[in-house]
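Peer 1: Just one file: input_19.json, with JSON, C-alpha atoms.
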```
[["chain", "number", "residue", "atom", "x", "y", "z"],
["A", 1, "MET", "CA", 0.00, 0.00, 0.00],
["A", 2, "HIS", "CA", 2.81, 2.40, 0.88],
["A", 3, "GLN", "CA", 4.54, 1.83, -2.47],
["A", 4, "GLU", "CA", 1.28, 2.31, -4.39],
["A", 5, "SER", "CA", 0.55, 5.60, -2.63],
["A", 6, "SER", "CA", 4.13, 6.73, -3.26],
["A", 7, "ASP", "CA", 3.76, 5.98, -6.99],
["A", 8, "SER", "CA", 0.44, 7.83, -7.11],
["A", 9, "GLU", "CA", 2.00, 10.87, -5.45],
["A", 10, "MET", "CA", 4.79, 10.83, -8.05],
["A", 11, "LEU", "CA", 2.22, 10.86, -10.86],
["A", 12, "GLN", "CA", 0.36, 13.80, -9.28],
["A", 13, "ARG", "CA", 3.50, 15.91, -9.19],
["A", 14, "LYS", "CA", 6.57, 16.28, -11.35],
["A", 15, "PRO", "CA", 8.88, 13.39, -10.44],
["A", 16, "LYS", "CA", 12.30, 14.25, -9.10],
["A", 17, "ILE", "CA", 14.77, 12.89, -11.63],
["A", 18, "ILE", "CA", 18.46, 12.69, -10.80],
["A", 19, "ALA", "CA", 21.21, 11.69, -13.21],
["A", 20, "ALA", "CA", 24.21, 9.91, -11.70],
["A", 21, "ILE", "CA", 27.41, 9.57, -13.70],
["A", 22, "PRO", "CA", 30.03, 7.10, -12.41],
["A", 23, "CYS", "CA", 33.40, 7.82, -13.97],
["A", 24, "PHE", "CA", 37.15, 7.37, -13.75],
["A", 25, "ASN", "CA", 39.60, 9.71, -15.53],
["A", 26, "GLU", "CA", 37.05, 11.21, -17.94],
["A", 27, "GLU", "CA", 38.13, 14.88, -17.92],
["A", 28, "ARG", "CA", 37.79, 15.05, -21.74],
["A", 29, "PHE", "CA", 34.12, 14.18, -21.81],
["A", 30, "ILE", "CA", 32.56, 14.63, -18.36],
["A", 31, "GLY", "CA", 31.89, 18.36, -18.76],
["A", 32, "SER", "CA", 29.80, 18.00, -21.91],
["A", 33, "VAL", "CA", 27.96, 14.95, -20.52],
["A", 34, "VAL", "CA", 27.00, 16.91, -17.38],
["A", 35, "LEU", "CA", 25.88, 19.98, -19.35],
["A", 36, "LYS", "CA", 23.72, 17.88, -21.70],
["A", 37, "ALA", "CA", 22.22, 15.81, -18.89],
["A", 38, "LYS", "CA", 21.22, 18.94, -16.93],
["A", 39, "ARG", "CA", 18.69, 19.77, -19.65],
["A", 40, "TYR", "CA", 16.60, 16.70, -18.87],
["A", 41, "VAL", "CA", 16.91, 16.13, -15.11],
["A", 42, "ASP", "CA", 16.52, 18.06, -11.88],
["A", 43, "ARG", "CA", 20.01, 17.35, -10.64],
["A", 44, "VAL", "CA", 23.26, 15.80, -11.85],
["A", 45, "ILE", "CA", 25.69, 14.04, -9.55],
["A", 46, "VAL", "CA", 29.06, 12.60, -10.49],
["A", 47, "ILE", "CA", 30.59, 9.62, -8.69],
["A", 48, "ASP", "CA", 34.30, 10.14, -9.25],
["A", 49, "ASP", "CA", 35.88, 6.75, -8.60],
["A", 50, "GLY", "CA", 39.36, 7.92, -7.61],
["A", 51, "SER", "CA", 40.27, 9.80, -10.79],
["A", 52, "THR", "CA", 43.82, 11.09, -11.03],
["A", 53, "ASP", "CA", 43.03, 13.74, -13.64],
["A", 54, "ALA", "CA", 40.77, 16.82, -13.53],
["A", 55, "THR", "CA", 37.51, 14.88, -13.82],
["A", 56, "ALA", "CA", 36.09, 16.15, -10.52],
["A", 57, "LYS", "CA", 37.04, 19.78, -11.21],
["A", 58, "VAL", "CA", 35.57, 19.80, -14.72],
["A", 59, "ALA", "CA", 32.36, 18.09, -13.56],
["A", 60, "SER", "CA", 31.93, 20.56, -10.70],
["A", 61, "GLU", "CA", 32.46, 23.55, -12.99],
["A", 62, "ALA", "CA", 29.87, 22.12, -15.38],
["A", 63, "GLY", "CA", 27.31, 22.17, -12.56],
["A", 64, "ALA", "CA", 27.36, 18.66, -11.12],
["A", 65, "LYS", "CA", 27.54, 17.73, -7.46],
["A", 66, "VAL", "CA", 30.72, 15.67, -7.25],
["A", 67, "TYR", "CA", 31.35, 12.85, -4.79],
["A", 68, "ARG", "CA", 34.91, 11.62, -4.79],
["A", 69, "SER", "CA", 36.55, 8.43, -3.66],
["A", 70, "LYS", "CA", 40.15, 8.63, -2.48],
["A", 71, "GLN", "CA", 41.05, 5.60, -4.59],
["A", 72, "ASN", "CA", 39.69, 3.65, -7.51],
["A", 73, "GLN", "CA", 37.31, 0.99, -6.19],
["A", 74, "GLY", "CA", 35.82, -0.30, -9.45],
["A", 75, "TYR", "CA", 32.77, 0.30, -11.62],
["A", 76, "GLY", "CA", 30.52, -1.86, -9.45],
["A", 77, "SER", "CA", 31.42, 0.12, -6.36],
["A", 78, "ALA", "CA", 30.65, 3.36, -8.20],
["A", 79, "ILE", "CA", 27.25, 1.99, -9.27],
["A", 80, "ARG", "CA", 26.44, 0.95, -5.69],
["A", 81, "ASN", "CA", 27.27, 4.42, -4.48],
["A", 82, "ALA", "CA", 25.29, 6.08, -7.25],
["A", 83, "ILE", "CA", 22.25, 4.05, -6.14],
["A", 84, "ALA", "CA", 22.89, 4.97, -2.49],
["A", 85, "LYS", "CA", 23.16, 8.66, -3.36],
["A", 86, "GLY", "CA", 19.93, 8.44, -5.34],
["A", 87, "GLN", "CA", 18.19, 7.10, -2.24],
["A", 88, "ASN", "CA", 19.75, 9.70, 0.04],
["A", 89, "LEU", "CA", 18.69, 12.52, -2.29],
["A", 90, "ARG", "CA", 15.14, 11.08, -2.44],
["A", 91, "ALA", "CA", 15.09, 10.61, -6.20],
["A", 92, "ASP", "CA", 11.82, 9.40, -7.70],
["A", 93, "ILE", "CA", 13.85, 8.22, -10.69],
["A", 94, "LEU", "CA", 17.62, 7.73, -10.86],
["A", 95, "VAL", "CA", 19.22, 7.68, -14.30],
["A", 96, "ILE", "CA", 22.72, 6.21, -14.52],
["A", 97, "LEU", "CA", 24.83, 6.85, -17.63],
["A", 98, "ASP", "CA", 28.51, 6.64, -18.48],
["A", 99, "GLY", "CA", 30.79, 9.65, -18.39],
["A", 100, "ASP", "CA", 32.79, 8.84, -21.52],
["A", 101, "GLY", "CA", 30.37, 10.41, -23.99],
["A", 102, "GLN", "CA", 29.08, 7.14, -25.46],
["A", 103, "HIS", "CA", 25.55, 7.72, -24.14],
["A", 104, "ASP", "CA", 23.46, 10.61, -25.44],
["A", 105, "PRO", "CA", 21.61, 12.39, -22.59],
["A", 106, "LYS", "CA", 18.85, 13.37, -25.02],
["A", 107, "ASP", "CA", 17.62, 9.77, -24.64],
["A", 108, "ILE", "CA", 16.86, 10.37, -20.94],
["A", 109, "PRO", "CA", 13.20, 11.47, -21.48],
["A", 110, "LYS", "CA", 12.27, 8.30, -23.36],
["A", 111, "LEU", "CA", 14.29, 6.16, -20.94],
["A", 112, "VAL", "CA", 12.35, 7.41, -17.91],
["A", 113, "ARG", "CA", 8.95, 7.34, -19.63],
["A", 114, "PRO", "CA", 8.11, 3.67, -18.80],
["A", 115, "ILE", "CA", 8.77, 4.40, -15.11],
["A", 116, "ILE", "CA", 6.70, 7.59, -15.10],
["A", 117, "ASP", "CA", 3.87, 5.68, -16.80],
["A", 118, "GLU", "CA", 4.16, 2.94, -14.12],
["A", 119, "LYS", "CA", 4.95, 0.31, -16.75],
["A", 120, "ALA", "CA", 8.35, -0.57, -15.34],
["A", 121, "ASP", "CA", 10.54, -0.32, -12.26],
["A", 122, "VAL", "CA", 13.75, -0.44, -14.28],
["A", 123, "ALA", "CA", 14.31, 0.87, -17.81],
["A", 124, "VAL", "CA", 17.33, -0.42, -19.73],
["A", 125, "GLY", "CA", 18.78, 1.48, -22.65],
["A", 126, "SER", "CA", 19.51, -1.13, -25.32],
["A", 127, "ARG", "CA", 22.12, -0.73, -28.04],
["A", 128, "PHE", "CA", 20.55, -3.58, -29.99],
["A", 129, "LEU", "CA", 17.05, -2.17, -30.44],
["A", 130, "GLY", "CA", 16.13, 0.38, -33.09],
["A", 131, "LYS", "CA", 18.25, 1.46, -36.01],
["A", 132, "GLY", "CA", 21.01, 3.39, -34.27],
["A", 133, "GLU", "CA", 24.75, 2.78, -34.52],
["A", 134, "LYS", "CA", 25.68, -0.73, -33.44],
["A", 135, "PRO", "CA", 28.89, -1.70, -31.61],
["A", 136, "PRO", "CA", 31.84, -2.97, -33.68],
["A", 137, "LEU", "CA", 31.55, -6.65, -34.59],
["A", 138, "TYR", "CA", 34.09, -7.90, -32.03],
["A", 139, "ARG", "CA", 32.28, -6.01, -29.25],
["A", 140, "ARG", "CA", 28.90, -7.18, -30.48],
["A", 141, "LEU", "CA", 29.95, -10.82, -30.37],
["A", 142, "GLY", "CA", 31.37, -10.49, -26.86],
["A", 143, "GLN", "CA", 28.30, -8.64, -25.60],
["A", 144, "ARG", "CA", 26.03, -11.30, -27.08],
["A", 145, "VAL", "CA", 27.92, -14.03, -25.22],
["A", 146, "LEU", "CA", 27.67, -12.12, -21.92],
["A", 147, "THR", "CA", 24.02, -11.23, -22.49],
["A", 148, "ASN", "CA", 23.01, -14.81, -23.33],
["A", 149, "ALA", "CA", 24.87, -16.16, -20.31],
["A", 150, "THR", "CA", 23.29, -13.53, -18.06],
["A", 151, "ASN", "CA", 19.82, -14.25, -19.44],
["A", 152, "VAL", "CA", 20.19, -17.99, -18.85],
["A", 153, "GLY", "CA", 21.59, -17.53, -15.36],
["A", 154, "SER", "CA", 19.12, -14.89, -14.19],
["A", 155, "GLY", "CA", 16.00, -16.23, -15.91],
["A", 156, "GLN", "CA", 15.34, -12.66, -17.12],
["A", 157, "ARG", "CA", 15.58, -11.97, -20.85],
["A", 158, "ILE", "CA", 17.12, -8.62, -21.83],
["A", 159, "SER", "CA", 18.66, -7.75, -25.19],
["A", 160, "ASP", "CA", 21.55, -5.75, -23.68],
["A", 161, "SER", "CA", 22.51, -7.02, -20.22],
["A", 162, "GLN", "CA", 25.74, -4.99, -20.16],
["A", 163, "SER", "CA", 24.15, -1.61, -20.83],
["A", 164, "GLY", "CA", 25.41, 1.20, -18.60],
["A", 165, "PHE", "CA", 22.48, 3.51, -19.44],
["A", 166, "ARG", "CA", 19.55, 2.69, -17.14],
["A", 167, "ALA", "CA", 16.80, 4.31, -15.09],
["A", 168, "TYR", "CA", 15.56, 3.09, -11.72],
["A", 169, "SER", "CA", 12.38, 3.86, -9.81],
["A", 170, "LYS", "CA", 12.34, 4.59, -6.10],
["A", 171, "LYS", "CA", 11.16, 1.03, -5.52],
["A", 172, "ALA", "CA", 14.04, -0.42, -7.54],
["A", 173, "LEU", "CA", 16.60, 1.64, -5.62],
["A", 174, "LYS", "CA", 15.39, 0.06, -2.38],
["A", 175, "GLU", "CA", 15.37, -3.49, -3.79],
["A", 176, "LEU", "CA", 18.79, -3.59, -5.46],
["A", 177, "ASN", "CA", 21.37, -4.88, -2.97],
["A", 178, "LEU", "CA", 24.62, -5.35, -4.88],
["A", 179, "THR", "CA", 28.05, -6.69, -3.93],
["A", 180, "GLU", "CA", 30.10, -6.78, -7.16],
["A", 181, "SER", "CA", 32.88, -4.19, -7.43],
["A", 182, "GLY", "CA", 33.90, -4.74, -11.06],
["A", 183, "MET", "CA", 32.22, -4.62, -14.47],
["A", 184, "SER", "CA", 30.17, -7.74, -13.70],
["A", 185, "VAL", "CA", 27.82, -5.53, -11.68],
["A", 186, "SER", "CA", 25.65, -5.13, -14.81],
["A", 187, "SER", "CA", 24.96, -8.86, -14.80],
["A", 188, "GLU", "CA", 24.46, -8.83, -11.03],
["A", 189, "ILE", "CA", 21.82, -6.11, -11.43],
["A", 190, "GLN", "CA", 19.89, -8.40, -13.77],
["A", 191, "PHE", "CA", 20.06, -11.21, -11.20],
["A", 192, "ALA", "CA", 18.82, -8.79, -8.52],
["A", 193, "ILE", "CA", 15.99, -7.59, -10.77],
["A", 194, "SER", "CA", 14.86, -11.16, -11.34],
["A", 195, "ARG", "CA", 15.15, -12.06, -7.66],
["A", 196, "SER", "CA", 13.13, -9.00, -6.58],
["A", 197, "GLY", "CA", 10.43, -9.41, -9.24],
["A", 198, "LEU", "CA", 10.99, -5.90, -10.60],
["A", 199, "ARG", "CA", 9.38, -5.00, -13.92],
["A", 200, "VAL", "CA", 11.78, -4.21, -16.76],
["A", 201, "ALA", "CA", 11.32, -2.21, -19.96],
["A", 202, "GLU", "CA", 13.88, -1.80, -22.72],
["A", 203, "VAL", "CA", 14.29, 1.41, -24.68],
["A", 204, "PRO", "CA", 16.40, 1.87, -27.83],
["A", 205, "ILE", "CA", 19.25, 4.33, -27.29],
["A", 206, "ALA", "CA", 21.83, 6.08, -29.43],
["A", 207, "ILE", "CA", 25.45, 5.14, -28.82],
["A", 208, "SER", "CA", 28.75, 6.57, -30.02],
["A", 209, "TYR", "CA", 31.84, 4.45, -30.65],
["A", 210, "SER", "CA", 34.14, 7.18, -31.96],
["A", 211, "GLU", "CA", 36.71, 6.51, -29.22],
["A", 212, "LYS", "CA", 38.86, 3.41, -28.85],
["A", 213, "ALA", "CA", 37.85, 1.10, -26.00],
["A", 214, "LYS", "CA", 39.72, 1.91, -22.78],
["A", 215, "ARG", "CA", 39.79, -1.75, -21.70],
["A", 216, "ASN", "CA", 41.12, -4.76, -23.54],
["A", 217, "PRO", "CA", 37.89, -6.36, -24.84],
["A", 218, "VAL", "CA", 39.19, -9.92, -24.44],
["A", 219, "GLY", "CA", 40.35, -9.38, -20.88],
["A", 220, "HIS", "CA", 37.20, -7.45, -20.03],
["A", 221, "GLY", "CA", 34.93, -10.17, -21.45],
["A", 222, "ALA", "CA", 36.84, -12.97, -19.74],
["A", 223, "GLY", "CA", 36.72, -11.16, -16.41],
["A", 224, "VAL", "CA", 32.98, -10.54, -16.59],
["A", 225, "LEU", "CA", 32.32, -14.10, -17.78],
["A", 226, "SER", "CA", 34.27, -15.60, -14.88],
["A", 227, "ARG", "CA", 32.37, -13.51, -12.34],
["A", 228, "LEU", "CA", 29.13, -14.37, -14.14],
["A", 229, "ALA", "CA", 29.91, -18.06, -13.66],
["A", 230, "VAL", "CA", 30.26, -17.38, -9.94],
["A", 231, "LEU", "CA", 26.95, -15.50, -9.86],
["A", 232, "ILE", "CA", 25.15, -18.34, -11.64],
["A", 233, "THR", "CA", 26.66, -20.91, -9.30],
["A", 234, "LEU", "CA", 25.66, -18.86, -6.27],
["A", 235, "ARG", "CA", 22.13, -18.45, -7.57],
["A", 236, "LYS", "CA", 21.59, -22.10, -8.57],
["A", 237, "PRO", "CA", 24.06, -24.17, -6.54],
["A", 238, "MET", "CA", 21.90, -27.28, -6.49],
["A", 239, "LEU", "CA", 21.63, -27.28, -10.28],
["A", 240, "ILE", "CA", 25.27, -26.44, -10.98],
["A", 241, "LEU", "CA", 26.88, -28.57, -8.25],
["A", 242, "GLY", "CA", 24.25, -30.69, -6.52],
["A", 243, "LEU", "CA", 22.93, -32.68, -9.46],
["A", 244, "PRO", "CA", 26.36, -33.32, -11.05],
["A", 245, "GLY", "CA", 27.78, -34.29, -7.65],
["A", 246, "LEU", "CA", 25.00, -36.81, -7.04],
["A", 247, "GLY", "CA", 25.44, -38.09, -10.58],
["A", 248, "PHE", "CA", 29.17, -38.66, -10.15],
["A", 249, "LEU", "CA", 28.65, -40.33, -6.78],
["A", 250, "ALA", "CA", 25.86, -42.60, -8.07],
["A", 251, "SER", "CA", 27.98, -43.58, -11.08],
["A", 252, "GLY", "CA", 30.92, -44.38, -8.83],
["A", 253, "LEU", "CA", 28.78, -46.51, -6.53],
["A", 254, "PHE", "CA", 27.24, -48.32, -9.52],
["A", 255, "LEU", "CA", 30.68, -49.18, -10.92],
["A", 256, "GLY", "CA", 31.86, -50.23, -7.46],
["A", 257, "ILE", "CA", 28.95, -52.61, -7.07],
["A", 258, "ARG", "CA", 29.70, -54.10, -10.50],
["A", 259, "VAL", "CA", 33.35, -54.61, -9.48],
["A", 260, "LEU", "CA", 32.30, -56.38, -6.28],
["A", 261, "LEU", "CA", 29.77, -58.60, -8.08],
["A", 262, "ARG", "CA", 32.31, -59.60, -10.74],
["A", 263, "TYR", "CA", 34.91, -60.34, -8.10],
["A", 264, "SER", "CA", 32.46, -62.52, -6.12],
["A", 265, "GLU", "CA", 31.56, -64.48, -9.28],
["A", 266, "VAL", "CA", 34.94, -65.09, -10.95],
["A", 267, "ARG", "CA", 37.43, -63.94, -8.31],
["A", 268, "GLU", "CA", 38.84, -61.44, -10.76],
["A", 269, "LEU", "CA", 39.34, -57.74, -10.01],
["A", 270, "ALA", "CA", 38.34, -55.41, -12.85],
["A", 271, "ILE", "CA", 41.07, -52.86, -12.25],
["A", 272, "GLY", "CA", 39.80, -50.34, -14.81],
["A", 273, "ASN", "CA", 36.28, -50.33, -13.40],
["A", 274, "ALA", "CA", 37.61, -50.23, -9.84],
["A", 275, "PHE", "CA", 39.77, -47.20, -10.65],
["A", 276, "GLY", "CA", 36.79, -45.51, -12.35],
["A", 277, "ALA", "CA", 34.56, -46.22, -9.35],
["A", 278, "VAL", "CA", 37.02, -44.66, -6.94],
["A", 279, "LEU", "CA", 37.61, -41.63, -9.18],
["A", 280, "LEU", "CA", 33.89, -40.94, -9.80],
["A", 281, "SER", "CA", 33.06, -41.36, -6.13],
["A", 282, "LEU", "CA", 35.81, -38.94, -5.11],
["A", 283, "VAL", "CA", 34.71, -36.35, -7.68],
["A", 284, "GLY", "CA", 31.10, -36.70, -6.49],
["A", 285, "LEU", "CA", 32.05, -36.33, -2.83],
["A", 286, "LEU", "CA", 34.28, -33.31, -3.54],
["A", 287, "THR", "CA", 31.52, -31.67, -5.60],
["A", 288, "LEU", "CA", 28.96, -32.21, -2.83],
["A", 289, "PHE", "CA", 31.43, -30.92, -0.25],
["A", 290, "THR", "CA", 31.92, -27.82, -2.40],
["A", 291, "LEU", "CA", 28.14, -27.41, -2.51],
["A", 292, "LEU", "CA", 27.94, -27.48, 1.28],
["A", 293, "MET", "CA", 30.74, -24.91, 1.52],
["A", 294, "LEU", "CA", 28.98, -22.72, -1.03],
["A", 295, "LEU", "CA", 25.69, -22.85, 0.85],
["A", 296, "ALA", "CA", 27.54, -21.79, 3.99],
["A", 297, "MET", "CA", 29.17, -18.95, 2.03],
["A", 298, "LYS", "CA", 25.76, -17.78, 0.82],
["A", 299, "GLU", "CA", 24.68, -17.35, 4.41],
["A", 300, "LEU", "CA", 27.80, -15.33, 5.11],
["A", 301, "MET", "CA", 27.23, -13.27, 1.96],
["A", 302, "ARG", "CA", 23.79, -12.26, 3.15],
["A", 303, "GLY", "CA", 25.46, -10.61, 6.09],
["A", 304, "GLU", "CA", 28.05, -9.07, 3.74],
["A", 305, "VAL", "CA", 25.30, -7.58, 1.57],
["A", 306, "THR", "CA", 23.78, -5.96, 4.65],
["A", 307, "ARG", "CA", 27.18, -4.59, 5.64],
["A", 308, "LEU", "CA", 27.91, -3.24, 2.16],
["A", 309, "THR", "CA", 24.50, -1.60, 2.01],
["A", 310, "ARG", "CA", 25.11, 0.19, 5.30],
["A", 311, "GLU", "CA", 28.66, 1.10, 4.26],
["A", 312, "THR", "CA", 27.51, 2.43, 0.89],
["A", 313, "ARG", "CA", 24.80, 4.59, 2.42],
["A", 314, "GLY", "CA", 27.49, 6.22, 4.52],
["A", 315, "TYR", "CA", 29.99, 6.30, 1.64],
["A", 316, "THR", "CA", 32.84, 8.63, 2.48],
["A", 317, "LEU", "CA", 33.04, 10.57, -0.77],
["A", 318, "GLY", "CA", 34.23, 14.15, -0.57],
["A", 319, "GLU", "CA", 32.74, 16.94, -2.69],
["A", 320, "GLU", "CA", 34.81, 18.99, -5.09],
["A", 321, "ASP", "CA", 34.06, 22.28, -3.31],
["A", 322, "GLY", "CA", 36.13, 21.12, -0.33],
["A", 323, "ARG", "CA", 33.33, 20.04, 1.95],
["A", 324, "SER", "CA", 33.03, 16.37, 2.76],
["A", 325, "GLU", "CA", 30.67, 13.60, 3.70],
["A", 326, "GLY", "CA", 31.52, 11.08, 6.37],
["A", 327, "GLY", "CA", 34.40, 13.27, 7.58],
["A", 328, "LEU", "CA", 36.73, 12.67, 4.61],
["A", 329, "GLN", "CA", 37.86, 15.12, 1.93]]
```
Give the structure from the file, written as structure tokens.

Peer 2:
Amino acid sequence: MHQESSDSEMLQRKPKIIAAIPCFNEERFIGSVVLKAKRYVDRVIVIDDGSTDATAKVASEAGAKVYRSKQNQGYGSAIRNAIAKGQNLRADILVILDGDGQHDPKDIPKLVRPIIDEKADVAVGSRFLGKGEKPPLYRRLGQRVLTNATNVGSGQRISDSQSGFRAYSKKALKELNLTESGMSVSSEIQFAISRSGLRVAEVPIAISYSEKAKRNPVGHGAGVLSRLAVLITLRKPMLILGLPGLGFLASGLFLGIRVLLRYSEVRELAIGNAFGAVLLSLVGLLTLFTLLMLLAMKELMRGEVTRLTRETRGYTLGEEDGRSEGGLQ
């Protein structure tokens, strides 16, 4: 009831829309991104993730409220803190876009429209819808692999799981409890959306690929894929580990019984089958032991999520004008 009344109030008044821009060493582009975004939102904040250049200064001069980290903590950490700041500033809708100029802020009005119309809790800007510029082929292939893997693991189908241009309702900001610090946070968000039952809408967006990628695409893709494998295993441990472990153990026991029966009949030890029985049984037991350890870790991670949420809400990011939050510059 409280959420419904909150949504109704938002419709009766102009929703408070805040744009959050996580960035690291983007002094070349951040100023223009801030200036363009200001046309479509009530407030622009920049999450400067430990930049060593003039990113914070340029963003502040362009009119953004800048929150700075003393050191680079990773894209996922910046996203978590953008979400926390959106909550603290009581945003009705939080738009997150990249600070490297790839996203066009003029797409913000159509991105937030499904949330304003109460058709979605999260709106994802997709590079693969519409007729806009598409990523280079090598990027497109890598993004397809990551998107398909994320869709299978999360049970939520989205055409662009790695998009960094998204809008979140007030409800979504409360529901998204994230732990990833790296680029795999985009996949983790999709898992969290599925787990929380949030409604998702996709909106075609314009994208610019005039600049060379800052990260090695192979290394980036491999890193995200490895973390994605962990996320899938954590979400479905019984499917990924439990069933195979039982299968290996059952196969080992079956072979062992055959070895014993043959030995009792002809007094001959089938060495190959005996070795296979021992090996399969050991693999099955190790897999099931890993499952038990993983289930224990999940319990610990629940506590870690709570800790990170509290820590993020009190994130010690200083502002560019010299004042600070949490007592740090």

Peer 1: Between atom CA of Gly86 of chain A and atom CA of Arg113 of chain A, what is the distance, to one decimal in Å?

Peer 2: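 If I compute the distance from atom CA of Gly86 of chain A to atom CA of Arg113 of chain A, I get 18.1 Å.
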
Peer 1: Between atom CA of Pro114 of chain A and atom CA of Ala19 of chain A, what is the distance, to one decimal in Å?

Peer 2: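 Atom-to-atom, atom CA of Pro114 of chain A to atom CA of Ala19 of chain A, that is 16.3 Å.
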
Peer 1: So that each row is one residue of segment 149-208 of chain A with an atom at most 6 Å from segment 93-106 of chain A, can you give its shortest atom pair and the distance in Å to one decimal, using only C-alpha atoms, rows by chain and rising number, as JSON lines?

Peer 2:
```
{"residue": "A:Gly164", "atom": "CA", "partner": "A:Leu97", "partner_atom": "CA", "distance": 5.8}
{"residue": "A:Phe165", "atom": "CA", "partner": "A:Leu97", "partner_atom": "CA", "distance": 4.5}
{"residue": "A:Arg166", "atom": "CA", "partner": "A:Ile96", "partner_atom": "CA", "distance": 5.4}
{"residue": "A:Ala167", "atom": "CA", "partner": "A:Val95", "partner_atom": "CA", "distance": 4.2}
{"residue": "A:Tyr168", "atom": "CA", "partner": "A:Leu94", "partner_atom": "CA", "distance": 5.1}
{"residue": "A:Ser169", "atom": "CA", "partner": "A:Ile93", "partner_atom": "CA", "distance": 4.7}
{"residue": "A:Ile207", "atom": "CA", "partner": "A:Gln102", "partner_atom": "CA", "distance": 5.3}
{"residue": "A:Ser208", "atom": "CA", "partner": "A:Gln102", "partner_atom": "CA", "distance": 4.6}
```

Peer 1: Please measure the separation of atom CA of Leu35 of chain A and atom CA of Ala56 of chain A, giving the value in Å to one decimal.

Peer 2: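 Taking atom CA of Leu35 of chain A as the start and atom CA of Ala56 of chain A as the end point, the length is 14.0 Å.
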
Peer 1: Distance cut-off 7 Å, centre (16.1, -0.4, -25.1) in file coordinates, counting only C-alpha atoms: which residues qualify? Return them as a list in words.

Peer 2: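 I get Val124, Gly125, Ser126, Arg127, Leu129, Glu202, Val203, Pro204 and Ile205 of chain A for the residues within 7 Å of that point.
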
Peer 1: With a distance cut-off of 7 Å and all atoms listed in the file, select the neighbouring residues of Arg80 of chain A, excluding the residue or stretch itself and same-chain residues fewer than 3 positions from it, and output the selection as a list in words.

Peer 2: Gly76, Ser77, Ile83, Ala84, Leu178 and Thr312 of chain A

Peer 1: Now that the selection is made, can you save its residues with C-alpha atoms as a PDB file, in the frame of the given file?

Peer 2:
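Generated output (again09.pdb):
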```pdb
ATOM      1  CA  GLY A  76      30.520  -1.860  -9.450  1.00  0.00           C
ATOM      2  CA  SER A  77      31.420   0.120  -6.360  1.00  0.00           C
ATOM      3  CA  ILE A  83      22.250   4.050  -6.140  1.00  0.00           C
ATOM      4  CA  ALA A  84      22.890   4.970  -2.490  1.00  0.00           C
ATOM      5  CA  LEU A 178      24.620  -5.350  -4.880  1.00  0.00           C
ATOM      6  CA  THR A 312      27.510   2.430   0.890  1.00  0.00           C
TER       7      THR A 312
END
```
